[in-house]
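J.: Structure file model_23.cif, mmCIF, C-alpha atoms, is pasted below:
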```cif
data_input
loop_
_atom_site.group_PDB
_atom_site.id
_atom_site.type_symbol
_atom_site.label_atom_id
_atom_site.label_comp_id
_atom_site.auth_asym_id
_atom_site.auth_seq_id
_atom_site.Cartn_x
_atom_site.Cartn_y
_atom_site.Cartn_z
ATOM 1 C CA MET A 1 -12.712 -18.190 6.336
ATOM 2 C CA VAL A 2 -12.684 -15.507 3.645
ATOM 3 C CA ASP A 3 -9.941 -16.034 1.032
ATOM 4 C CA PHE A 4 -7.688 -13.079 1.923
ATOM 5 C CA ASP A 5 -6.102 -12.613 -1.496
ATOM 6 C CA ALA A 6 -9.390 -12.951 -3.396
ATOM 7 C CA ALA A 7 -11.052 -10.463 -1.051
ATOM 8 C CA GLU A 8 -8.221 -7.977 -1.525
ATOM 9 C CA ARG A 9 -8.553 -8.225 -5.301
ATOM 10 C CA ASP A 10 -12.280 -7.568 -4.996
ATOM 11 C CA ILE A 11 -11.630 -4.523 -2.821
ATOM 12 C CA TRP A 12 -9.299 -2.964 -5.401
ATOM 13 C CA SER A 13 -11.174 -4.021 -8.536
ATOM 14 C CA GLY A 14 -12.364 -1.002 -10.508
ATOM 15 C CA ARG A 15 -11.011 1.508 -8.001
ATOM 16 C CA ALA A 16 -7.776 2.575 -9.690
ATOM 17 C CA ALA A 17 -8.985 6.080 -10.547
ATOM 18 C CA ALA A 18 -10.420 6.630 -7.062
ATOM 19 C CA PHE A 19 -7.110 5.499 -5.545
ATOM 20 C CA ARG A 20 -5.162 7.811 -7.881
ATOM 21 C CA ASP A 21 -7.261 10.784 -6.786
ATOM 22 C CA SER A 22 -7.004 10.120 -3.045
ATOM 23 C CA PHE A 23 -4.784 7.693 -1.146
ATOM 24 C CA ALA A 24 -2.152 7.203 -3.881
ATOM 25 C CA LYS A 25 -0.716 10.596 -3.021
ATOM 26 C CA LEU A 26 -0.180 9.407 0.546
ATOM 27 C CA CYS A 27 1.656 6.272 -0.594
ATOM 28 C CA ALA A 28 3.895 8.246 -2.955
ATOM 29 C CA HIS A 29 5.864 9.785 -0.097
ATOM 30 C CA THR A 30 8.042 6.718 0.502
ATOM 31 C CA ALA A 31 8.968 6.097 -3.154
ATOM 32 C CA PRO A 32 12.352 7.908 -3.117
ATOM 33 C CA ALA A 33 13.504 6.253 0.114
ATOM 34 C CA LEU A 34 12.344 2.852 -1.147
ATOM 35 C CA LEU A 35 14.388 3.197 -4.332
ATOM 36 C CA ASP A 36 17.404 4.432 -2.359
ATOM 37 C CA ALA A 37 17.179 1.397 -0.063
ATOM 38 C CA ALA A 38 17.243 -0.933 -3.077
ATOM 39 C CA GLY A 39 20.162 0.921 -4.678
ATOM 40 C CA VAL A 40 18.191 1.870 -7.782
ATOM 41 C CA GLY A 41 20.044 4.049 -10.290
ATOM 42 C CA PRO A 42 20.885 4.269 -13.995
ATOM 43 C CA GLY A 43 20.718 0.869 -15.670
ATOM 44 C CA THR A 44 19.316 -1.005 -12.655
ATOM 45 C CA ARG A 45 17.049 -3.869 -13.697
ATOM 46 C CA LEU A 46 14.156 -3.180 -11.322
ATOM 47 C CA LEU A 47 10.977 -5.098 -10.585
ATOM 48 C CA ASP A 48 8.246 -2.977 -8.973
ATOM 49 C CA VAL A 49 5.770 -5.385 -7.374
ATOM 50 C CA GLY A 50 2.218 -4.122 -6.858
ATOM 51 C CA THR A 51 2.929 -0.970 -8.809
ATOM 52 C CA GLY A 52 -0.554 0.490 -8.367
ATOM 53 C CA ILE A 53 -0.852 3.578 -10.541
ATOM 54 C CA GLY A 54 2.883 3.425 -11.301
ATOM 55 C CA THR A 55 4.296 5.991 -8.877
ATOM 56 C CA VAL A 56 7.417 3.987 -7.994
ATOM 57 C CA ALA A 57 7.861 2.761 -11.570
ATOM 58 C CA ALA A 58 7.814 6.349 -12.834
ATOM 59 C CA ALA A 59 10.287 7.509 -10.171
ATOM 60 C CA ALA A 60 12.644 4.634 -11.022
ATOM 61 C CA SER A 61 12.388 5.340 -14.737
ATOM 62 C CA ALA A 62 13.342 8.957 -14.023
ATOM 63 C CA ARG A 63 16.522 7.619 -12.392
ATOM 64 C CA GLY A 64 17.390 5.739 -15.569
ATOM 65 C CA ALA A 65 16.435 2.279 -14.284
ATOM 66 C CA ARG A 66 15.142 -0.452 -16.597
ATOM 67 C CA VAL A 67 11.753 -0.997 -15.009
ATOM 68 C CA THR A 68 9.416 -3.976 -15.074
ATOM 69 C CA ALA A 69 6.263 -3.670 -12.976
ATOM 70 C CA VAL A 70 3.392 -5.964 -12.004
ATOM 71 C CA ASP A 71 -0.009 -5.514 -10.405
ATOM 72 C CA ALA A 72 -3.023 -7.748 -9.786
ATOM 73 C CA GLU A 73 -5.526 -5.112 -10.939
ATOM 74 C CA PRO A 74 -5.776 -4.366 -14.698
ATOM 75 C CA GLY A 75 -7.129 -0.882 -14.011
ATOM 76 C CA MET A 76 -4.018 -0.011 -12.046
ATOM 77 C CA ILE A 77 -1.776 -1.194 -14.874
ATOM 78 C CA GLU A 78 -3.723 0.946 -17.349
ATOM 79 C CA LEU A 79 -3.043 4.078 -15.280
ATOM 80 C CA ALA A 80 0.547 3.035 -14.532
ATOM 81 C CA ARG A 81 1.347 2.852 -18.244
ATOM 82 C CA LEU A 82 0.411 6.533 -18.504
ATOM 83 C CA GLN A 83 2.767 7.461 -15.650
ATOM 84 C CA ALA A 84 5.672 5.281 -16.700
ATOM 85 C CA PRO A 85 5.497 4.695 -20.472
ATOM 86 C CA GLU A 86 9.111 3.441 -20.556
ATOM 87 C CA ALA A 87 8.354 0.554 -18.189
ATOM 88 C CA GLU A 88 7.205 -2.958 -19.038
ATOM 89 C CA PHE A 89 4.010 -4.109 -17.292
ATOM 90 C CA HIS A 90 2.527 -7.502 -16.443
ATOM 91 C CA GLU A 91 -0.579 -8.609 -14.576
ATOM 92 C CA ALA A 92 0.521 -10.868 -11.700
ATOM 93 C CA VAL A 93 -0.397 -11.795 -8.137
ATOM 94 C CA LEU A 94 2.102 -12.444 -5.350
ATOM 95 C CA PRO A 95 3.699 -14.870 -4.691
ATOM 96 C CA ASP A 96 3.335 -16.039 -8.310
ATOM 97 C CA LEU A 97 5.777 -13.796 -10.161
ATOM 98 C CA PRO A 98 6.153 -14.743 -13.863
ATOM 99 C CA PHE A 99 9.932 -14.347 -14.064
ATOM 100 C CA PRO A 100 12.933 -16.689 -13.869
ATOM 101 C CA ALA A 101 15.228 -16.637 -10.864
ATOM 102 C CA ASP A 102 17.938 -13.951 -10.738
ATOM 103 C CA THR A 103 16.239 -11.736 -13.349
ATOM 104 C CA PHE A 104 16.496 -8.385 -11.546
ATOM 105 C CA ASP A 105 19.105 -6.307 -9.758
ATOM 106 C CA ALA A 106 16.532 -4.934 -7.330
ATOM 107 C CA VAL A 107 12.937 -5.698 -6.346
ATOM 108 C CA VAL A 108 10.668 -3.273 -4.471
ATOM 109 C CA ALA A 109 7.120 -3.280 -3.136
ATOM 110 C CA ASN A 110 5.508 -0.087 -1.836
ATOM 111 C CA PHE A 111 2.705 -0.870 0.653
ATOM 112 C CA VAL A 112 2.009 -4.260 -0.900
ATOM 113 C CA VAL A 113 3.101 -6.837 1.688
ATOM 114 C CA ASN A 114 0.267 -5.667 3.961
ATOM 115 C CA HIS A 115 -2.208 -6.650 1.207
ATOM 116 C CA VAL A 116 -1.234 -10.301 0.658
ATOM 117 C CA GLY A 117 -2.421 -13.438 2.406
ATOM 118 C CA ARG A 118 1.048 -15.060 2.549
ATOM 119 C CA PRO A 119 3.535 -12.315 3.486
ATOM 120 C CA THR A 120 6.598 -14.540 3.931
ATOM 121 C CA ALA A 121 5.966 -16.330 0.636
ATOM 122 C CA ALA A 122 5.488 -12.944 -1.057
ATOM 123 C CA VAL A 123 8.850 -11.603 0.143
ATOM 124 C CA ARG A 124 10.521 -14.931 -0.674
ATOM 125 C CA ALA A 125 9.169 -14.692 -4.249
ATOM 126 C CA MET A 126 10.675 -11.213 -4.517
ATOM 127 C CA ARG A 127 14.026 -12.561 -3.327
ATOM 128 C CA GLU A 128 13.956 -15.457 -5.794
ATOM 129 C CA VAL A 129 13.691 -13.198 -8.847
ATOM 130 C CA CYS A 130 16.479 -10.920 -7.560
ATOM 131 C CA ARG A 131 20.059 -11.787 -8.513
ATOM 132 C CA PRO A 132 22.608 -12.667 -5.821
ATOM 133 C CA GLY A 133 24.040 -9.422 -4.498
ATOM 134 C CA GLY A 134 20.907 -7.480 -5.402
ATOM 135 C CA HIS A 135 18.481 -5.911 -2.939
ATOM 136 C CA VAL A 136 14.848 -6.308 -1.993
ATOM 137 C CA ALA A 137 13.064 -3.423 -0.261
ATOM 138 C CA ALA A 138 9.471 -2.932 0.845
ATOM 139 C CA THR A 139 7.255 -0.650 2.888
ATOM 140 C CA ILE A 140 4.261 -1.506 5.058
ATOM 141 C CA TRP A 141 1.944 0.383 7.357
ATOM 142 C CA CYS A 142 2.637 -0.048 11.061
ATOM 143 C CA VAL A 143 0.494 0.602 14.135
ATOM 144 C CA PRO A 144 -0.757 3.249 14.421
ATOM 145 C CA ALA A 145 -0.787 3.786 10.663
ATOM 146 C CA GLY A 146 -1.735 7.423 10.652
ATOM 147 C CA ALA A 147 -4.071 10.273 11.428
ATOM 148 C CA GLY A 148 -6.051 10.003 8.204
ATOM 149 C CA HIS A 149 -7.266 6.504 9.029
ATOM 150 C CA GLU A 150 -7.782 7.566 12.633
ATOM 151 C CA LEU A 151 -10.033 10.399 11.431
ATOM 152 C CA LEU A 152 -12.131 8.098 9.259
ATOM 153 C CA GLY A 153 -12.252 5.443 11.970
ATOM 154 C CA ARG A 154 -13.492 7.954 14.528
ATOM 155 C CA ALA A 155 -16.205 9.116 12.119
ATOM 156 C CA VAL A 156 -17.327 5.522 11.586
ATOM 157 C CA GLN A 157 -17.433 4.933 15.332
ATOM 158 C CA GLU A 158 -19.387 8.109 16.077
ATOM 159 C CA ALA A 159 -21.946 7.129 13.434
ATOM 160 C CA GLY A 160 -22.438 3.772 15.122
ATOM 161 C CA ALA A 161 -21.226 1.832 12.076
ATOM 162 C CA ARG A 162 -19.288 -1.428 12.082
ATOM 163 C CA PRO A 163 -16.787 -2.957 9.624
ATOM 164 C CA PRO A 164 -18.195 -5.517 7.136
ATOM 165 C CA GLU A 165 -18.456 -8.979 8.646
ATOM 166 C CA ASP A 166 -16.769 -10.499 5.594
ATOM 167 C CA ALA A 167 -13.684 -8.266 5.842
ATOM 168 C CA PRO A 168 -10.527 -10.262 4.988
ATOM 169 C CA ARG A 169 -8.465 -11.351 7.984
ATOM 170 C CA LEU A 170 -4.979 -12.746 7.738
ATOM 171 C CA ASP A 171 -4.532 -16.339 8.835
ATOM 172 C CA PRO A 172 -2.949 -16.175 12.332
ATOM 173 C CA ALA A 173 -0.182 -18.478 11.085
ATOM 174 C CA GLU A 174 0.779 -15.815 8.517
ATOM 175 C CA GLU A 175 0.575 -12.825 10.846
ATOM 176 C CA PHE A 176 3.674 -10.931 11.988
ATOM 177 C CA PRO A 177 4.205 -7.967 14.332
ATOM 178 C CA ARG A 178 3.852 -4.673 12.507
ATOM 179 C CA THR A 179 6.993 -3.374 14.190
ATOM 180 C CA ALA A 180 10.514 -2.749 12.879
ATOM 181 C CA GLU A 181 11.668 -5.984 14.503
ATOM 182 C CA GLY A 182 8.668 -7.928 13.223
ATOM 183 C CA PHE A 183 9.050 -6.735 9.626
ATOM 184 C CA ALA A 184 12.794 -7.402 9.695
ATOM 185 C CA THR A 185 12.125 -10.928 10.962
ATOM 186 C CA LEU A 186 9.770 -11.476 8.015
ATOM 187 C CA PHE A 187 12.575 -10.511 5.605
ATOM 188 C CA THR A 188 15.000 -12.840 7.355
ATOM 189 C CA ALA A 189 12.476 -15.694 7.248
ATOM 190 C CA ALA A 190 12.166 -15.135 3.488
ATOM 191 C CA GLY A 191 15.886 -15.817 3.088
ATOM 192 C CA LEU A 192 17.261 -12.286 2.821
ATOM 193 C CA ALA A 193 20.598 -11.304 4.380
ATOM 194 C CA ASP A 194 21.859 -8.169 6.160
ATOM 195 C CA VAL A 195 18.283 -7.120 6.850
ATOM 196 C CA SER A 196 17.473 -3.702 8.285
ATOM 197 C CA CYS A 197 14.198 -1.916 8.965
ATOM 198 C CA THR A 198 13.655 1.811 9.467
ATOM 199 C CA PRO A 199 10.564 3.703 10.665
ATOM 200 C CA VAL A 200 9.347 6.472 8.357
ATOM 201 C CA THR A 201 7.143 9.340 9.542
ATOM 202 C CA TRP A 202 5.704 12.225 7.545
ATOM 203 C CA ASP A 203 2.817 14.684 7.337
ATOM 204 C CA HIS A 204 0.445 14.114 4.455
ATOM 205 C CA ILE A 205 -1.486 17.181 3.295
ATOM 206 C CA ALA A 206 -4.912 16.743 1.689
ATOM 207 C CA SER A 207 -8.140 18.647 1.391
ATOM 208 C CA PRO A 208 -11.059 17.234 3.435
ATOM 209 C CA ALA A 209 -12.942 16.530 0.181
ATOM 210 C CA GLU A 210 -10.007 14.662 -1.365
ATOM 211 C CA TRP A 211 -9.486 12.497 1.699
ATOM 212 C CA TRP A 212 -13.180 11.689 1.993
ATOM 213 C CA SER A 213 -13.386 10.767 -1.700
ATOM 214 C CA GLY A 214 -11.165 7.716 -1.255
ATOM 215 C CA ALA A 215 -13.236 6.382 1.600
ATOM 216 C CA ALA A 216 -16.542 7.118 -0.132
ATOM 217 C CA ALA A 217 -15.349 5.197 -3.203
ATOM 218 C CA GLY A 218 -14.486 2.120 -1.143
ATOM 219 C CA VAL A 219 -10.699 2.351 -1.498
ATOM 220 C CA GLY A 220 -8.934 0.032 0.964
ATOM 221 C CA MET A 221 -10.451 -1.525 4.062
ATOM 222 C CA ILE A 222 -11.355 1.811 5.631
ATOM 223 C CA GLY A 223 -13.137 2.680 2.402
ATOM 224 C CA GLN A 224 -14.992 -0.615 2.467
ATOM 225 C CA THR A 225 -16.085 0.105 6.034
ATOM 226 C CA VAL A 226 -17.501 3.469 4.952
ATOM 227 C CA SER A 227 -18.945 2.693 1.520
ATOM 228 C CA ARG A 228 -20.719 -0.559 2.391
ATOM 229 C CA GLN A 229 -22.993 0.985 5.005
ATOM 230 C CA THR A 230 -26.598 1.926 4.347
ATOM 231 C CA PRO A 231 -27.123 5.329 2.691
ATOM 232 C CA GLU A 232 -28.459 6.712 5.967
ATOM 233 C CA THR A 233 -25.399 5.532 7.872
ATOM 234 C CA ILE A 234 -23.035 6.977 5.275
ATOM 235 C CA VAL A 235 -24.730 10.355 5.764
ATOM 236 C CA ARG A 236 -24.083 10.073 9.510
ATOM 237 C CA ILE A 237 -20.443 9.086 8.913
ATOM 238 C CA LYS A 238 -19.939 12.061 6.597
ATOM 239 C CA ALA A 239 -21.475 14.460 9.123
ATOM 240 C CA ALA A 240 -19.179 13.122 11.836
ATOM 241 C CA TYR A 241 -16.218 13.299 9.449
ATOM 242 C CA ASP A 242 -16.908 16.951 8.603
ATOM 243 C CA GLU A 243 -17.047 17.849 12.281
ATOM 244 C CA LEU A 244 -13.958 15.877 13.268
ATOM 245 C CA ALA A 245 -11.904 17.053 10.271
ATOM 246 C CA THR A 246 -11.522 20.513 11.822
ATOM 247 C CA GLN A 247 -9.350 18.915 14.525
ATOM 248 C CA TYR A 248 -6.869 17.786 11.872
ATOM 249 C CA ALA A 249 -6.874 20.935 9.744
ATOM 250 C CA GLY A 250 -4.019 23.390 9.323
ATOM 251 C CA PRO A 251 -4.355 27.180 8.975
ATOM 252 C CA ASP A 252 -5.362 26.893 5.305
ATOM 253 C CA GLY A 253 -8.141 24.381 6.039
ATOM 254 C CA ARG A 254 -6.317 21.402 4.532
ATOM 255 C CA LEU A 255 -5.809 18.293 6.624
ATOM 256 C CA VAL A 256 -2.375 17.703 8.153
ATOM 257 C CA LEU A 257 -2.208 13.934 8.617
ATOM 258 C CA ARG A 258 0.774 12.431 10.443
ATOM 259 C CA TYR A 259 1.580 8.965 9.042
ATOM 260 C CA HIS A 260 3.899 6.142 10.085
ATOM 261 C CA ALA A 261 5.360 3.275 8.036
ATOM 262 C CA LEU A 262 8.218 0.788 8.024
ATOM 263 C CA LEU A 263 10.873 0.425 5.317
ATOM 264 C CA ALA A 264 12.799 -2.850 5.255
ATOM 265 C CA ARG A 265 15.641 -3.930 2.994
ATOM 266 C CA GLY A 266 17.727 -7.054 2.605
ATOM 267 C CA GLY A 267 20.311 -8.624 0.333
ATOM 268 C CA ALA A 268 19.388 -11.432 -2.049
#
```
Could you show the structure in this file as structure tokens?
T.:
Amino acid sequence: MVDFDAAERDIWSGRAAAFRDSFAKLCAHTAPALLDAAGVGPGTRLLDVGTGIGTVAAAASARGARVTAVDAEPGMIELARLQAPEAEFHEAVLPDLPFPADTFDAVVANFVVNHVGRPTAAVRAMREVCRPGGHVAATIWCVPAGAGHELLGRAVQEAGARPPEDAPRLDPAEEFPRTAEGFATLFTAAGLADVSCTPVTWDHIASPAEWWSGAAAGVGMIGQTVSRQTPETIVRIKAAYDELATQYAGPDGRLVLRYHALLARGGA
């Protein structure tokens, strides 16, 4: 079996700039609600786990929080420092967080738990570094995730392409339902109290070229499915994408992509 965490690190290695210019804008939508759920305000000692390009860290810093952030990819940290120069950054991989217990008032993770091989252990590690009475909050994609991935998936299918055979797959023992109840149960299993989980839905607006750029650069699993095909197959995928994209376009030609996620919170 492919090592899930190692495969995920390979997928994201060297792709920070491509993520910034494409799918990061999609993920940014939930940042305010995530910080609200964790009670982040002036003076809050916040840990942002899997900060990516620093979107959540920057938003928390703007609220006056004292931000520490970690990510497994050095390229992400480099870009995050530009977005959130007031924050402190460390390279780290869940569930191995390099902090003592009870260090933070709040811990958040924006679309990170869906990228780890041991989800319960990851959330438990977040709880352990949060002080008693603090809050842990996280977002994940649910099913269906959204129209943008549907669009790319349809293009792949019409081109006759298949996902890479070595794509990382979560150990069945670690899997959990990607539903509000399933995500809440994961938080409870990690030792959090007063757990709640709320669906979040929004329309993401992007140009067809911007959305394609993330996939073409291999960002995320859908990007791996596109970029690791033969050159001839990629041409077929792009042709199918261009044709299908008109079905998702608004009056100005930009894509209107309905997305769905889950936001869970719990008390440490």
J.: May I have the residues at most 12 Å from (2.5, -5.1, 2.6) in the file's coordinates, counting all atoms listed in the file, as number ranges by chain?
T.: A: 8, 27, 49-50, 94, 108-123, 137-142, 170, 175-176, 178, 183, 186-187, 261-264
J.: Which residue gives the smallest distance to A:Ser196 among A:Pro95, A:Gly220, A:Pro74, A:Gly266, with all atoms listed in the file counted?
T.: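 Under the stated criterion, the closest residue is A:Gly266.
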J.: Write out as a list of chain:residue names which residues come within 12 Å of A:Gln247 when counting all atoms listed in the file, dropping same-chain ones fewer than 5 positions away.
T.: A:Ala147, A:Gly148, A:Glu150, A:Leu151, A:Arg154, A:Pro208, A:Ala240, A:Tyr241, A:Asp242, A:Gly253, A:Arg254, A:Leu255, A:Val256, A:Leu257
J.: Near A:Val136, within 8 Å and counting only C-alpha atoms, which residues show up once chain neighbours fewer than 4 positions away are dropped, as a list in words?
T.: Ala38, Ala106, Val107, Val108, Met126, Arg127, Cys130, Arg265, Gly266, Gly267 and Ala268 of chain A
J.: Rank A:Ala125, A:Glu165, A:Leu34, A:Val67 by their smallest atom-to-atom distance to A:Leu192, using only C-alpha atoms, and report the top residue only.
T.: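 The closest residue to A:Leu192 is A:Ala125.
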J.: Would you compute the distance between atom CA of A:Arg66 and atom CA of A:Ala16? Give it in Å to one decimal.
T.: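 Computing it gives 24.1 Å between the two atoms.
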J.: Would you compute the distance between atom CA of A:Val70 and atom CA of A:Pro132? Give it in Å to one decimal.
T.: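 Going from atom CA of A:Val70 over to atom CA of A:Pro132 covers 21.3 Å.
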J.: Between A:Gly133, A:Pro42, A:Pro32, A:Pro100, which is the closest to A:Asp194 once you count all atoms listed in the file?
T.: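 Of A:Gly133, A:Pro42, A:Pro32, A:Pro100, the one nearest A:Asp194, counting all atoms listed in the file, is A:Gly133.
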J.: Which residue, A:Ser13, A:Thr188, A:Thr103, A:Thr68, has the smallest gap to A:Gly218 when you use only C-alpha atoms?
T.: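 Of A:Ser13, A:Thr188, A:Thr103, A:Thr68, the one nearest A:Gly218, counting only C-alpha atoms, is A:Ser13.
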J.: Just say which residues the PyMOL selection byres ((chain A and resi 11) around 9) picks in this file, as a list in words.
T.: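 That expression, the PyMOL selection byres ((chain A and resi 11) around 9), corresponds here to Ala6, Ala7, Glu8, Arg9, Asp10, Trp12, Ser13, Gly14, Arg15, Gly218, Val219, Gly220, Met221 and Gln224 of chain A.
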